[in-house]
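Listing of input_3.pdb, PDB, C-alpha atoms and all ligand atoms
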ATOM      1  CA  MET B 114     -67.359 -40.452  -8.416
ATOM      2  CA  ASN B 115     -67.053 -42.035  -4.970
ATOM      3  CA  TYR B 116     -67.853 -38.941  -2.979
ATOM      4  CA  ARG B 117     -70.904 -39.153  -0.756
ATOM      5  CA  HIS B 118     -71.798 -36.014   1.106
ATOM      6  CA  HIS B 119     -73.716 -38.090   3.673
ATOM      7  CA  PHE B 120     -70.553 -38.600   5.700
ATOM      8  CA  HIS B 121     -69.943 -34.872   5.963
ATOM      9  CA  ALA B 122     -73.522 -33.611   6.291
ATOM     10  CA  GLY B 123     -73.886 -31.162   9.160
ATOM     11  CA  ASN B 124     -70.137 -30.904   9.818
ATOM     12  CA  PHE B 125     -68.434 -27.574  10.582
ATOM     13  CA  ALA B 126     -67.873 -26.917   6.892
ATOM     14  CA  ASP B 127     -71.547 -27.455   6.042
ATOM     15  CA  VAL B 128     -72.546 -25.130   8.872
ATOM     16  CA  MET B 129     -70.237 -22.371   7.656
ATOM     17  CA  LYS B 130     -71.263 -22.780   4.011
ATOM     18  CA  HIS B 131     -74.986 -22.885   4.740
ATOM     19  CA  VAL B 132     -74.986 -19.977   7.199
ATOM     20  CA  LEU B 133     -73.269 -17.788   4.579
ATOM     21  CA  LEU B 134     -75.474 -19.149   1.782
ATOM     22  CA  CYS B 135     -78.607 -18.117   3.683
ATOM     23  CA  ARG B 136     -77.135 -14.644   4.203
ATOM     24  CA  LEU B 137     -76.279 -14.326   0.493
ATOM     25  CA  ILE B 138     -79.814 -15.300  -0.488
ATOM     26  CA  ARG B 139     -81.296 -12.843   1.998
ATOM     27  CA  ALA B 140     -79.005 -10.107   0.673
ATOM     28  CA  LEU B 141     -80.117 -10.719  -2.926
ATOM     29  CA  GLN B 142     -83.705 -10.603  -1.741
ATOM     30  CA  LYS B 143     -83.251  -7.016  -0.585
ATOM     31  CA  LYS B 144     -84.173  -6.196  -4.180
ATOM     32  CA  GLU B 145     -87.660  -7.120  -5.278
ATOM     33  CA  LYS B 146     -86.657  -8.563  -8.654
ATOM     34  CA  GLY B 147     -86.320 -12.347  -8.699
ATOM     35  CA  PHE B 148     -83.025 -14.118  -9.395
ATOM     36  CA  LEU B 149     -81.635 -17.458 -10.526
ATOM     37  CA  TYR B 150     -80.061 -19.627  -7.854
ATOM     38  CA  LEU B 151     -77.744 -22.047  -9.645
ATOM     39  CA  ASP B 152     -76.376 -24.859  -7.476
ATOM     40  CA  THR B 153     -73.722 -26.528  -9.650
ATOM     41  CA  HIS B 154     -72.976 -29.403  -7.242
ATOM     42  CA  ALA B 155     -76.302 -29.700  -5.490
ATOM     43  CA  GLY B 156     -76.092 -33.061  -3.722
ATOM     44  CA  ARG B 157     -79.290 -34.851  -2.678
ATOM     45  CA  GLY B 158     -81.041 -31.949  -0.956
ATOM     46  CA  GLY B 159     -81.212 -33.499   2.505
ATOM     47  CA  TYR B 160     -79.319 -36.055   4.566
ATOM     48  CA  ASP B 161     -80.062 -38.633   7.240
ATOM     49  CA  MET B 162     -77.053 -38.205   9.496
ATOM     50  CA  GLU B 163     -77.578 -41.659  10.996
ATOM     51  CA  VAL B 164     -76.609 -43.089   7.619
ATOM     52  CA  ALA B 165     -73.223 -41.429   8.053
ATOM     53  CA  ALA B 166     -72.580 -43.590  11.080
ATOM     54  CA  THR B 167     -74.136 -46.809   9.842
ATOM     55  CA  GLY B 168     -73.886 -46.544   6.039
ATOM     56  CA  ASP B 169     -74.230 -49.805   4.146
ATOM     57  CA  THR B 170     -70.602 -50.118   3.101
ATOM     58  CA  HIS B 171     -68.797 -47.864   5.552
ATOM     59  CA  THR B 172     -68.838 -47.240   9.245
ATOM     60  CA  ARG B 173     -67.344 -43.923  10.196
ATOM     61  CA  ARG B 174     -67.307 -41.505  13.054
ATOM     62  CA  PRO B 175     -70.010 -38.996  12.193
ATOM     63  CA  GLU B 176     -68.848 -35.410  11.678
ATOM     64  CA  TRP B 177     -72.053 -33.610  12.622
ATOM     65  CA  PRO B 178     -71.513 -33.638  16.415
ATOM     66  CA  GLU B 179     -68.634 -31.150  15.921
ATOM     67  CA  GLY B 180     -70.756 -29.111  13.520
ATOM     68  CA  ILE B 181     -74.505 -28.674  13.806
ATOM     69  CA  GLY B 182     -74.344 -30.732  17.022
ATOM     70  CA  ARG B 183     -72.500 -27.872  18.748
ATOM     71  CA  LEU B 184     -75.201 -25.338  17.851
ATOM     72  CA  TRP B 185     -78.286 -27.513  18.134
ATOM     73  CA  ALA B 186     -79.076 -26.776  21.762
ATOM     74  CA  GLN B 187     -78.306 -23.043  21.547
ATOM     75  CA  SER B 188     -81.276 -20.775  22.115
ATOM     76  CA  PRO B 189     -81.962 -18.185  19.391
ATOM     77  CA  GLU B 190     -80.937 -15.440  21.850
ATOM     78  CA  ALA B 191     -77.519 -17.017  22.384
ATOM     79  CA  VAL B 192     -76.448 -16.822  18.730
ATOM     80  CA  PRO B 193     -76.024 -13.858  16.349
ATOM     81  CA  ALA B 194     -79.376 -12.994  14.755
ATOM     82  CA  PRO B 195     -78.413 -14.087  11.188
ATOM     83  CA  LEU B 196     -77.401 -17.485  12.544
ATOM     84  CA  ALA B 197     -80.730 -17.887  14.311
ATOM     85  CA  GLU B 198     -82.586 -18.023  10.989
ATOM     86  CA  TYR B 199     -80.292 -20.778   9.674
ATOM     87  CA  LEU B 200     -80.731 -22.767  12.887
ATOM     88  CA  ALA B 201     -84.502 -22.420  12.711
ATOM     89  CA  LEU B 202     -84.445 -23.747   9.137
ATOM     90  CA  VAL B 203     -82.289 -26.724  10.074
ATOM     91  CA  ARG B 204     -84.607 -27.560  12.972
ATOM     92  CA  GLU B 205     -87.620 -27.271  10.682
ATOM     93  CA  PHE B 206     -86.071 -29.673   8.160
ATOM     94  CA  ASP B 207     -85.180 -32.157  10.899
ATOM     95  CA  ARG B 208     -88.648 -32.020  12.438
ATOM     96  CA  ASP B 209     -90.489 -32.262   9.114
ATOM     97  CA  ALA B 210     -88.365 -35.242   8.094
ATOM     98  CA  GLY B 211     -89.721 -37.057  11.123
ATOM     99  CA  ASN B 212     -87.123 -36.798  13.859
ATOM    100  CA  ILE B 213     -88.704 -37.069  17.273
ATOM    101  CA  THR B 214     -85.528 -37.298  19.338
ATOM    102  CA  ALA B 215     -83.747 -34.413  21.056
ATOM    103  CA  ALA B 216     -80.575 -34.803  18.976
ATOM    104  CA  PRO B 217     -80.469 -33.722  15.340
ATOM    105  CA  ARG B 218     -80.870 -36.480  12.763
ATOM    106  CA  PHE B 219     -81.872 -34.989   9.397
ATOM    107  CA  TYR B 220     -79.840 -32.156   7.896
ATOM    108  CA  PRO B 221     -80.825 -30.008   4.905
ATOM    109  CA  GLY B 222     -78.620 -29.519   1.869
ATOM    110  CA  SER B 223     -78.052 -26.269   0.034
ATOM    111  CA  PRO B 224     -80.937 -26.881  -2.455
ATOM    112  CA  TRP B 225     -83.482 -27.311   0.338
ATOM    113  CA  LEU B 226     -82.290 -24.195   2.159
ATOM    114  CA  ALA B 227     -82.424 -22.177  -1.052
ATOM    115  CA  ARG B 228     -85.874 -23.498  -1.914
ATOM    116  CA  ARG B 229     -87.152 -22.748   1.591
ATOM    117  CA  LEU B 230     -85.954 -19.133   1.335
ATOM    118  CA  ALA B 231     -86.981 -18.615  -2.302
ATOM    119  CA  ARG B 232     -89.742 -16.153  -3.127
ATOM    120  CA  LEU B 233     -92.271 -16.562  -5.902
ATOM    121  CA  GLY B 234     -90.069 -14.867  -8.506
ATOM    122  CA  ASP B 235     -86.842 -16.653  -7.571
ATOM    123  CA  ARG B 236     -85.839 -19.647  -9.696
ATOM    124  CA  LEU B 237     -83.684 -22.640  -8.765
ATOM    125  CA  ALA B 238     -81.500 -24.672 -11.134
ATOM    126  CA  LEU B 239     -80.076 -27.630  -9.224
ATOM    127  CA  CYS B 240     -77.392 -29.697 -10.959
ATOM    128  CA  GLU B 241     -76.008 -32.981  -9.687
ATOM    129  CA  ARG B 242     -73.943 -35.431 -11.717
ATOM    130  CA  HIS B 243     -74.269 -38.539  -9.561
ATOM    131  CA  PRO B 244     -77.384 -40.451 -10.749
ATOM    132  CA  ALA B 245     -78.434 -41.763  -7.312
ATOM    133  CA  GLU B 246     -77.902 -38.397  -5.608
ATOM    134  CA  CYS B 247     -79.761 -36.666  -8.418
ATOM    135  CA  ALA B 248     -82.683 -39.102  -8.126
ATOM    136  CA  ALA B 249     -82.869 -38.372  -4.389
ATOM    137  CA  LEU B 250     -82.764 -34.634  -5.110
ATOM    138  CA  GLU B 251     -85.550 -35.049  -7.656
ATOM    139  CA  GLY B 252     -87.566 -36.833  -4.960
ATOM    140  CA  GLU B 253     -86.868 -34.063  -2.447
ATOM    141  CA  LEU B 254     -87.520 -31.015  -4.621
ATOM    142  CA  GLY B 255     -88.376 -32.057  -8.175
ATOM    143  CA  GLY B 256     -91.629 -30.836  -9.682
ATOM    144  CA  ARG B 257     -91.888 -27.837  -7.359
ATOM    145  CA  ALA B 258     -92.718 -24.505  -8.927
ATOM    146  CA  GLY B 259     -89.602 -22.626  -9.949
ATOM    147  CA  VAL B 260     -87.294 -25.614  -9.414
ATOM    148  CA  ALA B 261     -85.409 -27.488 -12.152
ATOM    149  CA  VAL B 262     -83.352 -30.519 -11.154
ATOM    150  CA  GLN B 263     -80.830 -31.629 -13.773
ATOM    151  CA  GLU B 264     -78.499 -34.603 -13.833
ATOM    152  CA  MET B 265     -75.508 -32.895 -15.372
ATOM    153  CA  ASP B 266     -71.976 -31.658 -14.864
ATOM    154  CA  GLY B 267     -72.086 -28.495 -12.773
ATOM    155  CA  TYR B 268     -69.308 -26.759 -14.694
ATOM    156  CA  THR B 269     -71.185 -27.323 -17.952
ATOM    157  CA  ALA B 270     -74.246 -25.809 -16.264
ATOM    158  CA  VAL B 271     -72.365 -22.546 -15.612
ATOM    159  CA  ARG B 272     -71.724 -22.328 -19.340
ATOM    160  CA  ALA B 273     -75.229 -23.449 -20.345
ATOM    161  CA  LEU B 274     -77.409 -21.491 -17.928
ATOM    162  CA  LEU B 275     -75.737 -18.076 -17.831
ATOM    163  CA  PRO B 276     -76.684 -15.354 -18.456
ATOM    164  CA  PRO B 277     -80.091 -15.863 -16.873
ATOM    165  CA  PRO B 278     -83.136 -14.096 -18.294
ATOM    166  CA  GLU B 279     -83.661 -12.470 -14.883
ATOM    167  CA  ARG B 280     -80.258 -10.755 -15.226
ATOM    168  CA  ARG B 281     -79.632 -11.597 -11.577
ATOM    169  CA  ALA B 282     -77.997 -14.782 -10.278
ATOM    170  CA  LEU B 283     -76.372 -16.431  -7.303
ATOM    171  CA  VAL B 284     -74.176 -19.355  -8.346
ATOM    172  CA  LEU B 285     -73.012 -21.787  -5.656
ATOM    173  CA  ILE B 286     -70.046 -23.928  -6.724
ATOM    174  CA  ASP B 287     -69.543 -26.614  -4.076
ATOM    175  CA  PRO B 288     -67.569 -29.513  -5.579
ATOM    176  CA  PRO B 289     -66.313 -32.556  -3.672
ATOM    177  CA  PHE B 290     -62.608 -31.810  -4.350
ATOM    178  CA  GLU B 291     -61.968 -35.422  -5.324
ATOM    179  CA  ALA B 292     -60.255 -34.449  -8.557
ATOM    180  CA  GLN B 293     -56.641 -33.235  -8.461
ATOM    181  CA  ASP B 294     -57.498 -30.392 -10.818
ATOM    182  CA  GLU B 295     -60.687 -29.238  -9.059
ATOM    183  CA  PHE B 296     -59.362 -25.705  -8.432
ATOM    184  CA  ALA B 297     -58.383 -25.433 -12.101
ATOM    185  CA  GLN B 298     -61.848 -26.610 -13.164
ATOM    186  CA  ILE B 299     -63.433 -24.012 -10.891
ATOM    187  CA  ALA B 300     -61.210 -21.252 -12.283
ATOM    188  CA  GLY B 301     -62.222 -22.304 -15.808
ATOM    189  CA  ALA B 302     -65.903 -22.220 -14.911
ATOM    190  CA  LEU B 303     -65.485 -18.791 -13.276
ATOM    191  CA  ARG B 304     -63.740 -17.490 -16.384
ATOM    192  CA  ASP B 305     -66.620 -18.629 -18.586
ATOM    193  CA  GLY B 306     -69.268 -17.606 -16.056
ATOM    194  CA  LEU B 307     -67.878 -14.087 -15.723
ATOM    195  CA  GLN B 308     -67.547 -13.762 -19.483
ATOM    196  CA  ARG B 309     -71.213 -14.615 -19.855
ATOM    197  CA  PHE B 310     -72.493 -12.781 -16.829
ATOM    198  CA  ALA B 311     -70.045 -10.437 -15.108
ATOM    199  CA  SER B 312     -72.573  -9.112 -12.576
ATOM    200  CA  GLY B 313     -73.478 -12.542 -11.160
ATOM    201  CA  VAL B 314     -72.684 -13.422  -7.558
ATOM    202  CA  PHE B 315     -70.437 -16.503  -7.599
ATOM    203  CA  ALA B 316     -69.798 -18.322  -4.311
ATOM    204  CA  VAL B 317     -67.157 -21.061  -4.289
ATOM    205  CA  TRP B 318     -66.640 -23.349  -1.304
ATOM    206  CA  TYR B 319     -63.101 -24.642  -0.787
ATOM    207  CA  PRO B 320     -61.323 -26.745   1.846
ATOM    208  CA  LEU B 321     -58.331 -25.414   3.769
ATOM    209  CA  THR B 322     -56.074 -28.432   3.477
ATOM    210  CA  GLY B 323     -53.065 -26.530   2.181
ATOM    211  CA  ARG B 324     -52.587 -22.749   2.028
ATOM    212  CA  ALA B 325     -50.376 -22.950  -1.040
ATOM    213  CA  ARG B 326     -53.088 -24.557  -3.187
ATOM    214  CA  VAL B 327     -55.616 -21.962  -2.087
ATOM    215  CA  ASP B 328     -53.215 -19.087  -2.760
ATOM    216  CA  GLU B 329     -52.545 -20.539  -6.214
ATOM    217  CA  PHE B 330     -56.308 -20.632  -6.805
ATOM    218  CA  PHE B 331     -56.640 -17.003  -5.684
ATOM    219  CA  ALA B 332     -53.877 -16.045  -8.132
ATOM    220  CA  ALA B 333     -55.798 -17.812 -10.918
ATOM    221  CA  VAL B 334     -58.951 -15.919  -9.891
ATOM    222  CA  ARG B 335     -57.089 -12.564  -9.827
ATOM    223  CA  ALA B 336     -55.763 -13.304 -13.317
ATOM    224  CA  LEU B 337     -59.371 -13.297 -14.540
ATOM    225  CA  ARG B 338     -59.563  -9.626 -13.493
ATOM    226  CA  PRO B 339     -62.852 -10.287 -11.747
ATOM    227  CA  PRO B 340     -65.143  -7.814 -10.011
ATOM    228  CA  PRO B 341     -64.644  -7.367  -6.232
ATOM    229  CA  THR B 342     -63.992 -10.730  -4.610
ATOM    230  CA  LEU B 343     -64.104 -11.647  -0.955
ATOM    231  CA  ALA B 344     -62.659 -14.675   0.842
ATOM    232  CA  CYS B 345     -64.540 -15.739   3.968
ATOM    233  CA  GLU B 346     -62.597 -18.322   5.957
ATOM    234  CA  LEU B 347     -63.145 -20.363   9.078
ATOM    235  CA  THR B 348     -60.474 -22.461  10.766
ATOM    236  CA  ILE B 349     -61.392 -24.746  13.637
ATOM    237  CA  ALA B 350     -57.793 -25.471  14.613
ATOM    238  CA  GLY B 351     -54.378 -23.849  14.348
ATOM    239  CA  GLU B 352     -51.610 -24.732  11.889
ATOM    240  CA  GLN B 353     -49.953 -27.131  14.345
ATOM    241  CA  ALA B 354     -53.056 -29.357  14.665
ATOM    242  CA  GLU B 355     -52.917 -32.894  13.237
ATOM    243  CA  MET B 356     -56.213 -32.909  11.320
ATOM    244  CA  LYS B 357     -56.169 -32.754   7.514
ATOM    245  CA  MET B 358     -58.900 -30.171   6.949
ATOM    246  CA  LYS B 359     -58.380 -27.420   9.487
ATOM    247  CA  GLY B 360     -60.914 -25.108   7.953
ATOM    248  CA  CYS B 361     -62.732 -24.021   4.846
ATOM    249  CA  GLY B 362     -63.562 -20.940   2.882
ATOM    250  CA  LEU B 363     -66.194 -19.371   0.713
ATOM    251  CA  LEU B 364     -64.911 -17.173  -2.090
ATOM    252  CA  VAL B 365     -67.571 -14.665  -3.101
ATOM    253  CA  ILE B 366     -67.284 -12.758  -6.369
ATOM    254  CA  ASN B 367     -69.509  -9.665  -6.434
ATOM    255  CA  PRO B 368     -70.487  -9.939  -2.761
ATOM    256  CA  PRO B 369     -73.628  -8.019  -1.875
ATOM    257  CA  TRP B 370     -73.105  -4.631  -0.268
ATOM    258  CA  GLN B 371     -71.696  -4.931   3.274
ATOM    259  CA  PHE B 372     -71.559  -8.736   3.095
ATOM    260  CA  ASP B 373     -68.010  -8.492   4.485
ATOM    261  CA  ALA B 374     -69.241  -6.638   7.567
ATOM    262  CA  GLU B 375     -71.986  -9.206   8.126
ATOM    263  CA  ALA B 376     -69.784 -12.268   7.564
ATOM    264  CA  ALA B 377     -66.904 -11.237   9.860
ATOM    265  CA  PRO B 378     -68.706 -11.486  13.239
ATOM    266  CA  LEU B 379     -70.544 -14.634  12.111
ATOM    267  CA  LEU B 380     -67.245 -16.347  11.296
ATOM    268  CA  ALA B 381     -65.707 -15.164  14.565
ATOM    269  CA  PHE B 382     -68.661 -16.659  16.449
ATOM    270  CA  LEU B 383     -68.405 -19.942  14.532
ATOM    271  CA  ALA B 384     -64.625 -20.144  15.104
ATOM    272  CA  GLU B 385     -65.251 -20.125  18.831
ATOM    273  CA  ALA B 386     -68.345 -22.346  18.801
ATOM    274  CA  LEU B 387     -66.903 -24.977  16.451
ATOM    275  CA  ALA B 388     -63.244 -25.001  17.583
ATOM    276  CA  GLN B 389     -61.675 -28.465  17.676
ATOM    277  CA  ALA B 390     -58.180 -27.369  18.740
ATOM    278  CA  PRO B 391     -56.608 -24.060  19.794
ATOM    279  CA  GLY B 392     -55.779 -21.465  17.156
ATOM    280  CA  GLY B 393     -58.900 -21.407  14.945
ATOM    281  CA  THR B 394     -60.152 -18.094  13.595
ATOM    282  CA  GLY B 395     -62.726 -16.508  11.355
ATOM    283  CA  ARG B 396     -61.511 -14.035   8.768
ATOM    284  CA  VAL B 397     -62.732 -12.033   5.831
ATOM    285  CA  ASP B 398     -60.232 -10.699   3.272
ATOM    286  CA  TRP B 399     -60.570  -9.008  -0.076
ATOM    287  CA  VAL B 400     -58.929 -11.055  -2.837
ATOM    288  CA  VAL B 401     -59.874  -8.295  -5.263
ATOM    289  CA  ARG B 402     -60.789  -5.057  -3.537
ATOM    290  CA  GLU B 403     -63.845  -2.916  -4.113
ATOM    291  CA  THR B 404     -62.773   0.329  -5.768
TER     292      THR B 404
HETATM  293  C1  LIG J 501     -70.100 -31.183  -1.421
HETATM  294  S1  LIG J 501     -71.374 -32.082  -2.199
HETATM  295  C2  LIG J 501     -72.622 -30.892  -2.419
HETATM  296  C3  LIG J 501     -73.332 -30.472  -1.197
HETATM  297  C4  LIG J 501     -74.432 -29.466  -1.412
HETATM  298  N1  LIG J 501     -74.005 -28.341  -2.228
HETATM  299  C5  LIG J 501     -74.918 -28.954  -0.085
HETATM  300  O1  LIG J 501     -74.388 -27.968   0.424
HETATM  301  O2  LIG J 501     -75.851 -29.546   0.455
HETATM  302  C6  LIG J 501     -70.780 -32.242  -3.825
HETATM  303  C7  LIG J 501     -71.725 -32.942  -4.774
HETATM  304  O3  LIG J 501     -71.244 -32.783  -6.099
HETATM  305  C8  LIG J 501     -71.554 -33.949  -6.842
HETATM  306  N2  LIG J 501     -70.676 -33.887  -8.022
HETATM  307  C9  LIG J 501     -69.410 -34.348  -8.172
HETATM  308  N3  LIG J 501     -68.907 -33.961  -9.356
HETATM  309  C10 LIG J 501     -69.872 -33.225  -9.969
HETATM  310  C11 LIG J 501     -69.939 -32.512 -11.203
HETATM  311  N4  LIG J 501     -68.902 -32.471 -12.048
HETATM  312  N5  LIG J 501     -71.071 -31.847 -11.491
HETATM  313  C12 LIG J 501     -72.135 -31.865 -10.652
HETATM  314  N6  LIG J 501     -72.130 -32.529  -9.472
HETATM  315  C13 LIG J 501     -71.013 -33.186  -9.127
HETATM  316  C14 LIG J 501     -71.344 -35.065  -5.881
HETATM  317  O4  LIG J 501     -72.061 -36.217  -6.268
HETATM  318  C15 LIG J 501     -71.867 -34.436  -4.572
HETATM  319  O5  LIG J 501     -73.218 -34.754  -4.392
END

Give the structure from the file, written as structure tokens.
Amino acid sequence: MNYRHHFHAGNFADVMKHVLLCRLIRALQKKEKGFLYLDTHAGRGGYDMEVAATGDTHTRRPEWPEGIGRLWAQSPEAVPAPLAEYLALVREFDRDAGNITAAPRFYPGSPWLARRLARLGDRLALCERHPAECAALEGELGGRAGVAVQEMDGYTAVRALLPPPERRALVLIDPPFEAQDEFAQIAGALRDGLQRFASGVFAVWYPLTGRARVDEFFAAVRALRPPPTLACELTIAGEQAEMKMKGCGLLVINPPWQFDAEAAPLLAFLAEALAQAPGGTGRVDWVVRET
């Protein structure tokens, strides 16, 4: 359990994940009935990006300048409308956390974004296994109406908290990919989650560090005979580039209606805005087609 999201907060992968997360939440909110937002690997809820550069035990090159840093100065008119809402939320978090400089410093995590967008009838279950991260999350969002913070294993939470009484749910599975068998653990959680609640929207973030591993994961997902499933992917460099993680994806089971059409231009915009080497793209593909 060495992973600390601090070092990655606000990087290109966070931007992609959080832009799409906001769109998923907005899509679920097209219906009046409230839903459960289950964040299985919630993190601490918000990050001081200066800590990434000057952390107590590590000094690293921060990743946010090539992520949120690239979008920070963009005017709302210069970005696609759905991205403008995400950017406004990030700026609000940064300002409210006390940043008075022109550069971004504080970056929100998925729980904060979800809480900020939640309506009265929407409920948040935020699970984090790391005690210190969970304590920080409790400090950030604990005790708020409709929010439950739990120090627990996120995969156990999928089994324990589904089906939700609301009969509507968005489940974000965003693990650190430290474990060799992370994809297998995700597939197991999806199997159990779909058995308990086949109509839930499940969104799984994954790194693009090797196509073969991702394709193997997709095969495991297809073997579950899931409902329609979409893969949204962003690469910020081509295959020939040296960097280890050239992109990332969000697998969405039961995507809201027309989510594919909304995600495609957003990913294309991000591929251009966040490119680190030639050859990056945004793409949206059905892993299991709508019938
Ligand atoms: C990628 S970070 C989450 C970031 C967060 N979802 C966001 O977007 O702001 C992954 C988190 O999962 C936590 N974690 C690792 N293994 C876990 C497990 N089995 N169950 C729950 N949380 C876990 C880590 O401590 C880390 O905070």

Original post:
With all atoms listed in the file as the basis for distance, which of B:Arg174, B:His119, B:Arg218, B:Arg281 is at the shortest distance from Ile138 in chain B?
Top reply: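 For Ile138 in chain B, the nearest of the given residues is B:Arg281.
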
Subject >> Counting only C-alpha atoms and all ligand atoms, the residue of B:Gly393, B:Pro276, B:Pro175, B:Pro320 that sits nearest ligand LIG 501 (chain J) >> reply: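 Closest to ligand LIG 501 (chain J), using only C-alpha atoms and all ligand atoms: B:Pro320.
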
Original post:
Got a sec to check which residues lie within 6 Å of ligand LIG 501 (chain J), using all atoms listed in the file, and send them as a PyMOL selection string?
Top reply: chain B and resi 116+118+153-156+158+222-223+240-243+265-267+287-289

Subject >> Å distance separating CA of Val164 in chain B from CA of Gly182 in chain B, one decimal place >> reply: 15.7 Å

How close does each residue of range 158-277 of chain B get to range 358-381 of chain B, giving the shortest atom pair and distance in Å to one decimal for every residue with an atom at most 9 Å away, counting all atoms listed in the file, sorted by chain and residue number, as a tab-separated table?
residue	atom	partner	partner_atom	distance
B:Pro193	CA	B:Leu379	CA	7.0
B:Pro195	CA	B:Leu379	CA	7.9
B:Leu196	CA	B:Leu379	CA	7.4

Original post:
Pick from B:Gly211, B:Gly392, B:Gly306, B:Pro340: nearest to Ala270 in chain B, with all atoms listed in the file counted?
Top reply: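 Distance minimum relative to Ala270 in chain B lands on B:Gly306.
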
**OP:** To one decimal in Å, tell me the separation between CA of Glu163 in chain B and CA of Glu295 in chain B.
**Re:** 29.0 Å
